[in-house]
>>> print(open('input_9.txt').read())   # compact mmCIF, C-alpha atoms
# COMPACT_ATOMS: atom_id res chain seq x y z
CA MET Q 1 11.15 -16.85 6.18
CA LEU Q 2 13.01 -17.03 2.89
CA GLY Q 3 16.36 -17.85 4.45
CA ASN Q 4 18.66 -17.24 7.38
CA LEU Q 5 21.75 -15.08 6.93
CA ASN Q 6 23.27 -16.63 10.05
CA THR Q 7 23.60 -19.94 8.22
CA ASN Q 8 23.58 -19.08 4.49
CA ASN Q 9 25.03 -16.25 2.44
CA ILE Q 10 22.76 -13.85 0.63
CA ILE Q 11 23.31 -15.32 -2.86
CA GLU Q 12 22.39 -18.83 -1.66
CA ILE Q 13 19.16 -17.46 -0.21
CA LEU Q 14 18.23 -15.36 -3.25
CA ASN Q 15 18.61 -18.41 -5.49
CA GLY Q 16 17.12 -20.84 -2.97
CA ASP Q 17 14.32 -23.29 -3.75
CA LEU Q 18 11.58 -21.26 -2.06
CA LEU Q 19 12.32 -18.01 -3.90
CA GLN Q 20 12.56 -19.88 -7.19
CA GLU Q 21 9.15 -21.41 -6.46
CA ILE Q 22 7.69 -17.96 -5.70
CA ARG Q 23 9.10 -16.49 -8.93
CA SER Q 24 7.77 -19.42 -10.94
CA THR Q 25 4.28 -19.00 -9.46
CA ILE Q 26 4.21 -15.26 -10.19
CA ALA Q 27 5.36 -15.93 -13.78
CA GLN Q 28 2.27 -18.09 -14.18
CA GLY Q 29 0.10 -15.09 -13.29
CA ARG Q 30 -1.05 -16.17 -9.84
CA PRO Q 31 0.09 -15.06 -6.39
CA HIS Q 32 2.07 -17.42 -4.17
CA ALA Q 33 0.90 -17.90 -0.58
CA TYR Q 34 3.88 -15.74 0.39
CA CYS Q 35 2.10 -12.82 -1.35
CA SER Q 36 -0.97 -12.91 0.92
CA ASN Q 37 -0.27 -9.64 2.76
CA CYS Q 38 -0.20 -7.65 -0.49
CA VAL Q 39 -3.29 -9.40 -1.83
CA GLN Q 40 -5.18 -8.68 1.39
CA ALA Q 41 -4.10 -5.02 1.51
CA GLU Q 42 -5.26 -4.43 -2.06
CA ARG Q 43 -8.55 -6.20 -1.39
CA HIS Q 44 -9.25 -3.69 1.38
CA GLY Q 45 -8.46 -0.72 -0.85
CA GLY Q 46 -5.03 -0.08 0.62
CA ARG Q 47 -1.60 0.22 -0.97
CA SER Q 48 0.66 -2.82 -0.97
CA GLU Q 49 4.36 -3.49 -1.26
CA ARG Q 50 3.56 -5.23 -4.53
CA ASP Q 51 2.25 -1.91 -5.91
CA TRP Q 52 5.43 -0.23 -4.77
CA HIS Q 53 7.73 -2.80 -6.39
CA ASN Q 54 5.79 -2.83 -9.66
CA ASN Q 55 5.79 0.98 -9.90
CA VAL Q 56 9.57 1.07 -9.51
CA ASN Q 57 10.11 -1.76 -12.03
CA LEU Q 58 7.82 -0.60 -14.84
CA ASN Q 59 9.94 -2.25 -17.56
CA PHE Q 60 10.39 -5.56 -15.78
CA ASP Q 61 8.73 -8.49 -17.54
CA TYR Q 62 8.07 -11.10 -14.85
CA ALA Q 63 6.70 -13.58 -17.40
CA THR Q 64 10.08 -13.95 -19.11
CA ALA Q 65 12.44 -13.24 -16.22
CA GLY Q 66 13.04 -16.83 -15.18
CA SER Q 67 13.43 -18.20 -11.69
CA GLN Q 68 17.07 -17.21 -11.06
CA TYR Q 69 18.00 -14.03 -9.20
CA HIS Q 70 19.33 -11.11 -11.27
CA TYR Q 71 20.18 -7.97 -9.27
CA PRO Q 72 18.58 -5.69 -6.69
CA VAL Q 73 16.55 -2.66 -7.77
CA ILE Q 74 14.79 -2.12 -4.47
CA ILE Q 75 16.51 -2.69 -1.12
CA ASP Q 76 14.21 -3.13 1.90
CA ILE Q 77 16.47 -3.23 4.94
CA ARG Q 78 15.40 -4.36 8.42
CA TRP Q 79 18.66 -5.09 10.20
CA ASN Q 80 17.04 -5.90 13.55
CA THR Q 81 14.20 -4.79 15.80
CA THR Q 82 16.01 -2.22 17.95
CA CYS Q 83 13.34 0.29 18.98
CA ASN Q 84 12.89 2.87 21.71
CA LEU Q 85 9.09 2.51 21.96
CA SER Q 86 6.69 -0.20 23.13
CA CYS Q 87 3.61 0.83 21.17
CA ASN Q 88 0.38 -0.72 22.42
CA TYR Q 89 -0.32 -2.61 19.21
CA CYS Q 90 3.25 -3.78 18.62
CA MET Q 91 4.90 -7.07 19.63
CA GLU Q 92 8.19 -8.32 21.04
CA TYR Q 93 9.28 -9.66 17.63
CA CYS Q 94 9.04 -6.12 16.17
CA SER Q 95 10.40 -4.06 19.06
CA SER Q 96 13.39 -4.64 21.32
CA LYS Q 97 11.66 -2.44 23.91
CA TRP Q 98 8.76 -4.88 24.04
CA ALA Q 99 11.18 -7.80 24.23
CA SER Q 100 12.84 -6.13 27.22
CA LEU Q 101 9.50 -5.53 28.97
CA LYS Q 102 8.59 -9.20 28.51
CA GLY Q 103 11.98 -10.47 29.65
CA ILE Q 104 12.87 -11.89 26.24
CA PRO Q 105 16.60 -11.83 25.38
CA PHE Q 106 17.48 -9.48 22.55
CA LYS Q 107 20.83 -9.43 20.80
CA SER Q 108 21.92 -5.85 20.19
CA GLY Q 109 24.71 -4.73 17.91
CA SER Q 110 25.53 -5.53 14.29
CA ARG Q 111 25.00 -9.07 13.07
CA PRO Q 112 27.94 -11.01 11.53
CA TYR Q 113 26.36 -10.80 8.06
CA TYR Q 114 26.08 -7.00 8.09
CA GLU Q 115 29.28 -6.35 6.13
CA GLN Q 116 28.46 -9.16 3.67
CA VAL Q 117 25.10 -7.62 2.84
CA CYS Q 118 26.58 -4.12 2.45
CA ASP Q 119 29.30 -5.55 0.17
CA PHE Q 120 26.62 -7.23 -1.95
CA ILE Q 121 24.66 -3.98 -2.25
CA GLU Q 122 27.80 -2.03 -3.17
CA GLN Q 123 28.65 -4.57 -5.91
CA HIS Q 124 25.25 -3.97 -7.54
CA GLN Q 125 25.16 -0.26 -6.84
CA GLU Q 126 24.42 0.83 -10.42
CA HIS Q 127 21.07 -1.02 -10.44
CA ILE Q 128 19.70 0.30 -7.16
CA HIS Q 129 16.81 2.69 -7.61
CA GLU Q 130 15.24 2.80 -4.18
CA VAL Q 131 16.15 1.88 -0.61
CA ALA Q 132 13.66 1.47 2.23
CA LEU Q 133 14.86 1.76 5.80
CA VAL Q 134 12.66 -0.07 8.29
CA GLY Q 135 13.20 -1.39 11.79
CA GLY Q 136 12.61 -1.47 14.65
CA GLU Q 137 13.46 2.18 14.40
CA PRO Q 138 15.81 2.77 11.44
CA LEU Q 139 17.28 5.95 12.90
CA LEU Q 140 18.61 3.85 15.81
CA LEU Q 141 20.32 1.21 13.64
CA PRO Q 142 24.02 2.09 13.17
CA GLU Q 143 24.19 -0.34 10.23
CA ASN Q 144 22.33 2.26 8.19
CA GLU Q 145 25.32 4.59 8.42
CA ARG Q 146 27.44 2.46 6.07
CA LEU Q 147 24.43 1.54 3.97
CA LEU Q 148 23.84 5.20 3.16
CA ASP Q 149 27.49 5.39 2.02
CA VAL Q 150 27.29 2.42 -0.42
CA ILE Q 151 24.06 3.25 -2.23
CA PRO Q 152 23.97 5.75 -5.13
CA GLN Q 153 23.57 9.39 -4.17
CA ASP Q 154 20.64 9.69 -6.56
CA ALA Q 155 18.80 6.65 -5.17
CA ILE Q 156 15.49 7.28 -3.46
CA VAL Q 157 15.63 6.56 0.28
CA THR Q 158 12.39 6.06 2.18
CA LEU Q 159 12.06 5.29 5.85
CA ILE Q 160 9.34 4.43 8.32
CA THR Q 161 10.20 6.22 11.55
CA ASN Q 162 8.41 6.73 14.85
CA MET Q 163 9.70 10.33 14.95
CA SER Q 164 10.64 9.82 18.60
CA VAL Q 165 14.42 10.04 18.21
CA ASP Q 166 16.37 13.25 18.90
CA LEU Q 167 17.04 14.25 15.28
CA ASP Q 168 19.36 17.06 16.31
CA LYS Q 169 21.92 14.51 17.60
CA ASN Q 170 21.24 11.56 15.29
CA LYS Q 171 24.04 10.51 12.90
CA ILE Q 172 21.75 8.70 10.47
CA PHE Q 173 19.43 11.68 10.25
CA ASN Q 174 22.46 13.86 9.54
CA LYS Q 175 23.37 11.67 6.55
CA LEU Q 176 19.79 11.62 5.32
CA SER Q 177 19.59 15.41 5.55
CA GLN Q 178 22.50 15.64 3.09
CA ARG Q 179 20.60 13.65 0.44
CA ASN Q 180 18.00 15.07 -1.94
CA ARG Q 181 15.60 12.16 -2.51
CA VAL Q 182 14.28 11.09 0.88
CA GLY Q 183 10.71 10.12 1.71
CA TRP Q 184 9.50 10.24 5.31
CA SER Q 185 6.74 7.89 6.47
CA MET Q 186 6.13 9.27 9.94
CA SER Q 187 4.50 6.48 11.87
CA PHE Q 188 1.95 7.60 14.45
CA ASP Q 189 -1.82 7.42 14.72
CA ASN Q 190 -3.01 9.78 17.48
CA ILE Q 191 -2.12 13.19 18.85
CA GLY Q 192 -1.35 14.63 22.29
CA ASP Q 193 -2.00 12.46 25.33
CA ARG Q 194 -3.51 9.70 23.21
CA PHE Q 195 -0.28 9.58 21.18
CA GLU Q 196 1.77 9.12 24.35
CA TYR Q 197 -0.60 6.42 25.62
CA VAL Q 198 -0.47 4.34 22.41
CA ARG Q 199 3.11 5.10 21.38
CA HIS Q 200 4.46 4.40 24.83
CA GLY Q 201 7.86 5.97 25.43
CA GLY Q 202 7.24 8.73 22.91
CA GLU Q 203 6.95 12.40 23.81
CA TRP Q 204 4.47 14.53 21.90
CA ALA Q 205 6.62 17.65 22.28
CA LEU Q 206 9.64 15.89 20.71
CA LEU Q 207 7.55 14.58 17.84
CA LYS Q 208 6.27 18.07 17.05
CA HIS Q 209 9.84 19.42 17.14
CA ASN Q 210 11.02 16.64 14.82
CA LEU Q 211 8.11 17.23 12.45
CA ALA Q 212 9.15 20.87 12.11
CA THR Q 213 12.70 19.72 11.28
CA VAL Q 214 11.50 17.28 8.62
CA LYS Q 215 9.11 19.85 7.16
CA GLU Q 216 12.09 22.17 6.65
CA LEU Q 217 13.83 19.43 4.62
CA ILE Q 218 10.64 18.89 2.62
CA ALA Q 219 10.48 22.60 1.85
CA ASN Q 220 14.14 23.10 1.00
CA SER Q 221 15.90 19.83 0.17
CA GLY Q 222 13.63 17.85 -2.15
CA HIS Q 223 12.40 15.56 0.60
CA TRP Q 224 8.76 14.51 0.88
CA GLY Q 225 6.60 12.65 3.35
CA GLY Q 226 3.55 12.39 5.53
CA ILE Q 227 1.95 10.55 8.42
CA HIS Q 228 1.71 6.78 8.09
CA ALA Q 229 -1.27 5.91 10.31
CA VAL Q 230 -2.48 2.45 11.28
CA TYR Q 231 -6.28 2.39 11.57
CA ASN Q 232 -7.11 0.60 14.83
CA ILE Q 233 -9.41 0.66 17.86
CA TYR Q 234 -7.37 3.47 19.43
CA ASN Q 235 -8.08 5.94 16.61
CA ALA Q 236 -11.29 4.65 15.00
CA THR Q 237 -13.23 7.22 17.02
CA ARG Q 238 -10.54 9.92 16.67
CA VAL Q 239 -9.91 10.14 12.93
CA THR Q 240 -11.13 13.74 12.69
CA GLU Q 241 -8.81 15.17 15.33
CA LEU Q 242 -5.74 13.53 13.76
CA ARG Q 243 -6.68 14.73 10.27
CA GLU Q 244 -7.49 18.27 11.40
CA TRP Q 245 -4.17 18.46 13.23
CA ALA Q 246 -2.34 17.09 10.16
CA GLU Q 247 -4.08 19.67 7.98
CA GLU Q 248 -2.89 22.44 10.31
CA GLN Q 249 0.66 21.11 9.97
CA GLY Q 250 0.40 20.86 6.19
CA VAL Q 251 1.11 17.11 6.07
CA SER Q 252 -0.84 14.28 4.48
CA VAL Q 253 -2.04 11.05 6.10
CA LEU Q 254 -1.79 7.58 4.57
CA TRP Q 255 -4.04 5.04 6.28
CA GLN Q 256 -3.32 1.35 6.65
CA ASN Q 257 -5.53 -1.35 8.12
CA LEU Q 258 -4.38 -3.30 11.17
CA PHE Q 259 -4.48 -7.06 10.56
CA GLN Q 260 -3.26 -8.20 13.97
CA PRO Q 261 -3.80 -8.53 16.85
CA ASP Q 262 -7.51 -9.15 16.26
CA TYR Q 263 -8.66 -7.46 19.48
CA LEU Q 264 -7.34 -4.09 18.25
CA ASP Q 265 -9.13 -4.35 14.90
CA PRO Q 266 -12.22 -2.06 15.11
CA PHE Q 267 -14.03 -4.10 12.43
CA LEU Q 268 -14.14 -7.10 14.80
CA HIS Q 269 -15.57 -5.39 17.89
CA GLY Q 270 -19.27 -5.77 17.20
CA PRO Q 271 -22.11 -3.33 16.41
CA GLY Q 272 -21.44 -0.88 19.27
CA VAL Q 273 -17.95 0.00 18.10
CA ALA Q 274 -19.08 -0.20 14.45
CA LYS Q 275 -21.70 2.48 15.13
CA LEU Q 276 -19.19 4.77 16.87
CA ALA Q 277 -16.54 4.28 14.18
CA ALA Q 278 -18.98 4.82 11.31
CA ALA Q 279 -20.23 8.03 12.92
CA GLU Q 280 -16.63 9.23 13.22
CA ILE Q 281 -16.03 8.61 9.52
CA GLU Q 282 -19.12 10.65 8.67
CA ARG Q 283 -17.86 13.39 11.00
CA PHE Q 284 -14.52 13.32 9.19
CA TYR Q 285 -16.24 13.50 5.79
CA ALA Q 286 -18.18 16.56 6.98
CA THR Q 287 -14.90 18.46 7.44
CA GLY Q 288 -14.27 18.27 3.69
CA LEU Q 289 -10.66 17.18 4.33
CA ALA Q 290 -10.87 13.64 2.94
CA THR Q 291 -8.70 13.07 -0.12
CA PRO Q 292 -9.85 10.67 -2.88
CA VAL Q 293 -7.50 8.00 -1.52
CA GLU Q 294 -8.92 8.48 1.99
CA ARG Q 295 -12.44 8.32 0.58
CA LEU Q 296 -11.65 4.95 -0.96
CA PHE Q 297 -10.19 3.67 2.31
CA PHE Q 298 -13.01 4.92 4.54
CA ASP Q 299 -15.81 4.04 2.09
CA ASN Q 300 -14.57 0.45 2.37
CA ALA Q 301 -14.54 0.82 6.16
CA LEU Q 302 -18.13 2.12 6.16
CA ALA Q 303 -19.27 -0.77 3.98
CA THR Q 304 -17.69 -3.20 6.44
CA TYR Q 305 -19.23 -1.51 9.49
CA ARG Q 306 -22.72 -1.64 7.96
CA ASN Q 307 -22.49 -5.43 7.90
CA VAL Q 308 -21.42 -5.76 11.54
CA VAL Q 309 -24.43 -7.11 13.45
CA GLN Q 310 -23.08 -9.79 15.75
CA GLU Q 311 -21.73 -9.11 19.23
CA GLN Q 312 -18.14 -10.24 19.79
CA PRO Q 313 -17.75 -11.10 23.50
CA VAL Q 314 -14.47 -12.97 22.92
CA ILE Q 315 -12.86 -9.96 21.19
CA LEU Q 316 -14.18 -7.63 23.90
CA GLN Q 317 -12.76 -9.83 26.64
CA LYS Q 318 -9.38 -10.05 24.91
CA PHE Q 319 -9.33 -6.26 24.54
CA LYS Q 320 -10.17 -5.70 28.22
CA GLN Q 321 -7.37 -8.10 29.16
CA HIS Q 322 -5.03 -6.19 26.83
CA ILE Q 323 -5.85 -2.87 28.53
CA THR Q 324 -5.40 -4.43 31.98
CA GLU Q 325 -2.00 -5.85 31.05
CA ILE Q 326 -0.89 -2.57 29.47
CA GLU Q 327 -1.89 -0.47 32.49
CA THR Q 328 -0.79 -2.78 35.28
CA GLN Q 329 2.02 -4.93 33.93
CA TYR Q 330 3.79 -3.24 31.01
CA HIS Q 331 2.99 0.50 31.17
CA PRO Q 332 1.99 1.08 34.81
CA ASN Q 333 2.38 4.84 34.42
CA SER Q 334 -0.65 4.61 32.12
CA ALA Q 335 -2.91 3.15 34.82
CA GLY Q 336 -6.51 4.29 34.48
CA LYS Q 337 -5.82 6.50 31.47
CA PHE Q 338 -7.69 4.53 28.81
CA VAL Q 339 -11.16 5.31 30.16
CA LYS Q 340 -10.19 8.96 30.58
CA LEU Q 341 -8.75 9.33 27.09
CA TRP Q 342 -11.47 7.31 25.33
CA PRO Q 343 -14.61 7.94 27.41
CA GLU Q 344 -16.80 6.78 24.51
CA PHE Q 345 -15.75 3.21 25.38
CA ALA Q 346 -16.30 3.55 29.14
CA ASN Q 347 -19.55 1.59 29.13
CA GLY Q 348 -18.38 -1.05 26.66
>>> encode(input="input_9.txt", output="structure tokens")
Amino acid sequence: MLGNLNTNNIIEILNGDLLQEIRSTIAQGRPHAYCSNCVQAERHGGRSERDWHNNVNLNFDYATAGSQYHYPVIIDIRWNTTCNLSCNYCMEYCSSKWASLKGIPFKSGSRPYYEQVCDFIEQHQEHIHEVALVGGEPLLLPENERLLDVIPQDAIVTLITNMSVDLDKNKIFNKLSQRNRVGWSMSFDNIGDRFEYVRHGGEWALLKHNLATVKELIANSGHWGGIHAVYNIYNATRVTELREWAEEQGVSVLWQNLFQPDYLDPFLHGPGVAKLAAAEIERFYATGLATPVERLFFDNALATYRNVVQEQPVILQKFKQHITEIETQYHPNSAGKFVKLWPEFANG
């Protein structure tokens, strides 16, 4: 946490001691502990937020910038965690749906600081180059309606969306559809019944309808986008079917490693899963669909799997407990479906 907008205004936080310390460390050419997620992503061959920021700020000289805050160029907005799905690898602190299932109070509606933040963004409007909408589910956050009014019309807007909102009736989508520079990171990792099992609350038919709508914007309105897939135990043996389906739809796939929870990380499941996952990567390579970026990602995965030799009974037990809780406690309409949808794990 860099600060709390419930107790401090945004300027106080941006010039706070911690952020000044982070800026000073970066100016010395070394990453602060706060930067660990980006460092880890790059180490595994993935793209990081640091890459994104640096590519947008090509002329920014961090070595001479000083420790005081200047102005925003990138806005990364996550107003709250309102979400309509309880995805199997998500948590209550990222999804209001999960919080509801676990009986954890969740405060809906706009926070008191919402107008203050929008005012701040509007004051610095001329500097803003790119805005990222994240959630929860950004298409369900009404705060984004005013935000889209106070940022420049030529600013790039990117969003990570679960594609499980009725776009035909969504006000935020309507505003996005009237802009010309919008990038869609469509967040899902499986297709068909496996999609509905992992992305609980989502409907595959609605996602396909929404994808067709977004593809029309990509074709006619200067939008762009693709599937933003998290590589995890649920798709490590199903990479090929997702990629072949994406190829049929004419959309790309960007892969990202899952760093938590550990029991859904396929690299930690021992030699049995490593063998299955490595074979799936080779099957995917045989299709000839892998892009150079995917080759880099999956070559790193193969190298990791080749070094997996030790059984992991603790991870296996945690995963079995996870499946039991999902199918009996949280998503009872999924009871018994895991072994049917992933028969390759039935004996594991």
>>> closest_residue(input="input_9.txt", among="Q:Val293, Q:Leu316, Q:Ala246, Q:Leu140", to="Arg47 of chain Q", atoms="only C-alpha atoms")
Q:Val293
>>> closest_atom_pairs(input="input_9.txt", of="segment 243-317 of chain Q", to="segment 215-237 of chain Q", cutoff="12 Å", atoms="only C-alpha atoms", output="Markdown table")
| residue | atom | partner | partner_atom | distance |
| --- | --- | --- | --- | --- |
| Q:Arg243 | CA | Q:Ile227 | CA | 9.8 |
| Q:Trp245 | CA | Q:Ile227 | CA | 11.1 |
| Q:Ala246 | CA | Q:Ile227 | CA | 8.0 |
| Q:Glu247 | CA | Q:Gly226 | CA | 10.8 |
| Q:Gln249 | CA | Q:Lys215 | CA | 9.0 |
| Q:Gly250 | CA | Q:Lys215 | CA | 8.8 |
| Q:Val251 | CA | Q:Gly226 | CA | 5.3 |
| Q:Ser252 | CA | Q:Gly226 | CA | 4.9 |
| Q:Val253 | CA | Q:Ile227 | CA | 4.6 |
| Q:Leu254 | CA | Q:His228 | CA | 5.0 |
| Q:Trp255 | CA | Q:Ala229 | CA | 5.0 |
| Q:Gln256 | CA | Q:Val230 | CA | 4.8 |
| Q:Asn257 | CA | Q:Tyr231 | CA | 5.1 |
| Q:Leu258 | CA | Q:Asn232 | CA | 6.0 |
| Q:Phe259 | CA | Q:Asn232 | CA | 9.2 |
| Q:Gln260 | CA | Q:Asn232 | CA | 9.6 |
| Q:Pro261 | CA | Q:Asn232 | CA | 9.9 |
| Q:Asp262 | CA | Q:Asn232 | CA | 9.9 |
| Q:Tyr263 | CA | Q:Ile233 | CA | 8.3 |
| Q:Leu264 | CA | Q:Ile233 | CA | 5.2 |
| Q:Asp265 | CA | Q:Asn232 | CA | 5.3 |
| Q:Pro266 | CA | Q:Ile233 | CA | 4.8 |
| Q:Phe267 | CA | Q:Ile233 | CA | 8.6 |
| Q:Leu268 | CA | Q:Ile233 | CA | 9.6 |
| Q:His269 | CA | Q:Ile233 | CA | 8.6 |
| Q:Gly270 | CA | Q:Ile233 | CA | 11.8 |
| Q:Gly272 | CA | Q:Thr237 | CA | 11.8 |
| Q:Val273 | CA | Q:Ile233 | CA | 8.6 |
| Q:Ala274 | CA | Q:Ala236 | CA | 9.2 |
| Q:Lys275 | CA | Q:Thr237 | CA | 9.9 |
| Q:Leu276 | CA | Q:Thr237 | CA | 6.4 |
| Q:Ala277 | CA | Q:Thr237 | CA | 5.3 |
| Q:Ala278 | CA | Q:Thr237 | CA | 8.5 |
| Q:Ala279 | CA | Q:Thr237 | CA | 8.2 |
| Q:Glu280 | CA | Q:Thr237 | CA | 5.5 |
| Q:Ile281 | CA | Q:Thr237 | CA | 8.1 |
| Q:Glu282 | CA | Q:Thr237 | CA | 10.8 |
| Q:Arg283 | CA | Q:Thr237 | CA | 9.8 |
| Q:Phe284 | CA | Q:Thr237 | CA | 10.0 |
| Q:Glu294 | CA | Q:Ala229 | CA | 11.6 |
| Q:Phe297 | CA | Q:Tyr231 | CA | 10.1 |
| Q:Phe298 | CA | Q:Tyr231 | CA | 10.1 |
| Q:Ala301 | CA | Q:Tyr231 | CA | 10.0 |
| Q:Leu302 | CA | Q:Ala236 | CA | 11.5 |
| Q:Tyr305 | CA | Q:Ala236 | CA | 11.5 |
| Q:Ile315 | CA | Q:Ile233 | CA | 11.7 |
| Q:Leu316 | CA | Q:Ile233 | CA | 11.3 |
>>> atom_distance(input="input_9.txt", atom1="atom CA of Gln153 of chain Q", atom2="atom CA of Asn180 of chain Q")
8.3 Å
>>> residues_near_point(input="input_9.txt", point="(-6.4, 14.6, 16.7)", cutoff="9 Å", atoms="all atoms listed in the file", output="MDAnalysis selection string")
chainID Q and resid 189:192 194 235 238:246
>>> residues_near_point(input="input_9.txt", point="(-12.0, 2.2, 28.9)", cutoff="12 Å", atoms="all atoms listed in the file", output="JSON, numbers by chain")
{"Q": [233, 234, 316, 319, 320, 321, 322, 323, 324, 327, 335, 336, 337, 338, 339, 340, 341, 342, 343, 344, 345, 346, 347, 348]}
>>> atom_distance(input="input_9.txt", atom1="atom CA of Glu126 of chain Q", atom2="atom CA of Leu147 of chain Q")
14.4 Å
>>> closest_atom_pairs(input="input_9.txt", of="segment 56-82 of chain Q", to="segment 13-33 of chain Q", cutoff="6 Å", atoms="all atoms listed in the file", output="CSV")
residue,atom,partner,partner_atom,distance
Q:Tyr62,CA,Q:Ala27,CA,5.6
Q:Ala63,CA,Q:Ala27,CA,4.5
Q:Ser67,CA,Q:Gln20,CA,4.9
Q:Gln68,CA,Q:Asn15,CA,5.9
Q:Tyr69,CA,Q:Asn15,CA,5.8
>>> atom_distance(input="input_9.txt", atom1="atom CA of Val56 of chain Q", atom2="atom CA of Arg295 of chain Q")
25.3 Å
>>> residues_around(input="input_9.txt", residues="Cys118 of chain Q", least_positions_apart="2", cutoff="8 Å", atoms="only C-alpha atoms", output="PyMOL selection string")
chain Q and resi 114-116+120-122+146-147+150
>>> closest_residue(input="input_9.txt", among="Q:Asp166, Q:Val198, Q:Leu289, Q:Pro271", to="Val308 of chain Q", atoms="only C-alpha atoms")
Q:Pro271
>>> residues_around(input="input_9.txt", residues="segment 4-7 of chain Q", least_positions_apart="2", cutoff="7 Å", atoms="all atoms listed in the file", output="ChimeraX atom specification")
/Q:9-10,113
>>> write_last_selection(input="input_9.txt", atoms="C-alpha atoms", output="CSV table (one decimal), in the frame of the given file")
chain,number,residue,atom,x,y,z
Q,9,ASN,CA,25.0,-16.2,2.4
Q,10,ILE,CA,22.8,-13.8,0.6
Q,113,TYR,CA,26.4,-10.8,8.1
>>> residues_around(input="input_9.txt", residues="Ser164 of chain Q", least_positions_apart="5", cutoff="10 Å", atoms="only C-alpha atoms", output="list in words")
Cys83, Asn84, Leu85, Glu137, Leu139, Met186, Ser187, Phe188, Arg199, Gly201, Gly202, Glu203, Trp204, Ala205, Leu206, Leu207, Lys208, His209, Asn210 and Leu211 of chain Q
>>> write_last_selection(input="input_9.txt", atoms="C-alpha atoms", output="JSON list (two decimals), in the coordinates of the input")
[["chain", "number", "residue", "atom", "x", "y", "z"],
["Q", 83, "CYS", "CA", 13.34, 0.29, 18.98],
["Q", 84, "ASN", "CA", 12.89, 2.87, 21.71],
["Q", 85, "LEU", "CA", 9.09, 2.51, 21.96],
["Q", 137, "GLU", "CA", 13.46, 2.18, 14.40],
["Q", 139, "LEU", "CA", 17.28, 5.95, 12.90],
["Q", 186, "MET", "CA", 6.13, 9.27, 9.94],
["Q", 187, "SER", "CA", 4.50, 6.48, 11.87],
["Q", 188, "PHE", "CA", 1.95, 7.60, 14.45],
["Q", 199, "ARG", "CA", 3.11, 5.10, 21.38],
["Q", 201, "GLY", "CA", 7.86, 5.97, 25.43],
["Q", 202, "GLY", "CA", 7.24, 8.73, 22.91],
["Q", 203, "GLU", "CA", 6.95, 12.40, 23.81],
["Q", 204, "TRP", "CA", 4.47, 14.53, 21.90],
["Q", 205, "ALA", "CA", 6.62, 17.65, 22.28],
["Q", 206, "LEU", "CA", 9.64, 15.89, 20.71],
["Q", 207, "LEU", "CA", 7.55, 14.58, 17.84],
["Q", 208, "LYS", "CA", 6.27, 18.07, 17.05],
["Q", 209, "HIS", "CA", 9.84, 19.42, 17.14],
["Q", 210, "ASN", "CA", 11.02, 16.64, 14.82],
["Q", 211, "LEU", "CA", 8.11, 17.23, 12.45]]
>>> closest_residue(input="input_9.txt", among="Q:Gly45, Q:Gly103, Q:Pro152, Q:Gly135", to="Trp79 of chain Q", atoms="only C-alpha atoms")
Q:Gly135
>>> decode(input="input_9.txt", residues="segment 180-191 of chain Q", atoms="N, CA and C atoms", output="mmCIF file, in the first residue's frame")
data_model
loop_
_atom_site.group_PDB
_atom_site.id
_atom_site.type_symbol
_atom_site.label_atom_id
_atom_site.label_comp_id
_atom_site.auth_asym_id
_atom_site.auth_seq_id
_atom_site.Cartn_x
_atom_site.Cartn_y
_atom_site.Cartn_z
ATOM 1 N N ASN Q 180 -11.753 6.079 -30.230
ATOM 2 C CA ASN Q 180 -11.023 5.442 -31.325
ATOM 3 C C ASN Q 180 -9.773 4.687 -30.886
ATOM 4 N N ARG Q 181 -9.312 4.888 -29.667
ATOM 5 C CA ARG Q 181 -8.056 4.277 -29.228
ATOM 6 C C ARG Q 181 -8.312 3.455 -27.967
ATOM 7 N N VAL Q 182 -8.867 2.285 -28.165
ATOM 8 C CA VAL Q 182 -9.247 1.421 -27.040
ATOM 9 C C VAL Q 182 -8.635 0.039 -27.251
ATOM 10 N N GLY Q 183 -7.957 -0.446 -26.223
ATOM 11 C CA GLY Q 183 -7.370 -1.774 -26.273
ATOM 12 C C GLY Q 183 -8.075 -2.717 -25.321
ATOM 13 N N TRP Q 184 -8.478 -3.878 -25.829
ATOM 14 C CA TRP Q 184 -9.260 -4.845 -25.068
ATOM 15 C C TRP Q 184 -8.390 -6.032 -24.653
ATOM 16 N N SER Q 185 -8.148 -6.171 -23.349
ATOM 17 C CA SER Q 185 -7.534 -7.383 -22.810
ATOM 18 C C SER Q 185 -8.664 -8.244 -22.277
ATOM 19 N N MET Q 186 -9.025 -9.250 -23.054
ATOM 20 C CA MET Q 186 -10.188 -10.081 -22.722
ATOM 21 C C MET Q 186 -9.715 -11.255 -21.874
ATOM 22 N N SER Q 187 -10.080 -11.213 -20.608
ATOM 23 C CA SER Q 187 -9.484 -12.091 -19.618
ATOM 24 C C SER Q 187 -10.255 -13.400 -19.461
ATOM 25 N N PHE Q 188 -9.766 -14.434 -20.119
ATOM 26 C CA PHE Q 188 -10.269 -15.795 -19.902
ATOM 27 C C PHE Q 188 -9.215 -16.766 -20.395
ATOM 28 N N ASP Q 189 -9.322 -18.035 -19.974
ATOM 29 C CA ASP Q 189 -8.192 -18.954 -20.098
ATOM 30 C C ASP Q 189 -8.584 -20.331 -20.609
ATOM 31 N N ASN Q 190 -9.872 -20.567 -20.772
ATOM 32 C CA ASN Q 190 -10.397 -21.844 -21.258
ATOM 33 C C ASN Q 190 -11.577 -21.561 -22.168
ATOM 34 N N ILE Q 191 -12.086 -22.598 -22.807
ATOM 35 C CA ILE Q 191 -13.250 -22.431 -23.669
ATOM 36 C C ILE Q 191 -14.361 -23.394 -23.243
#
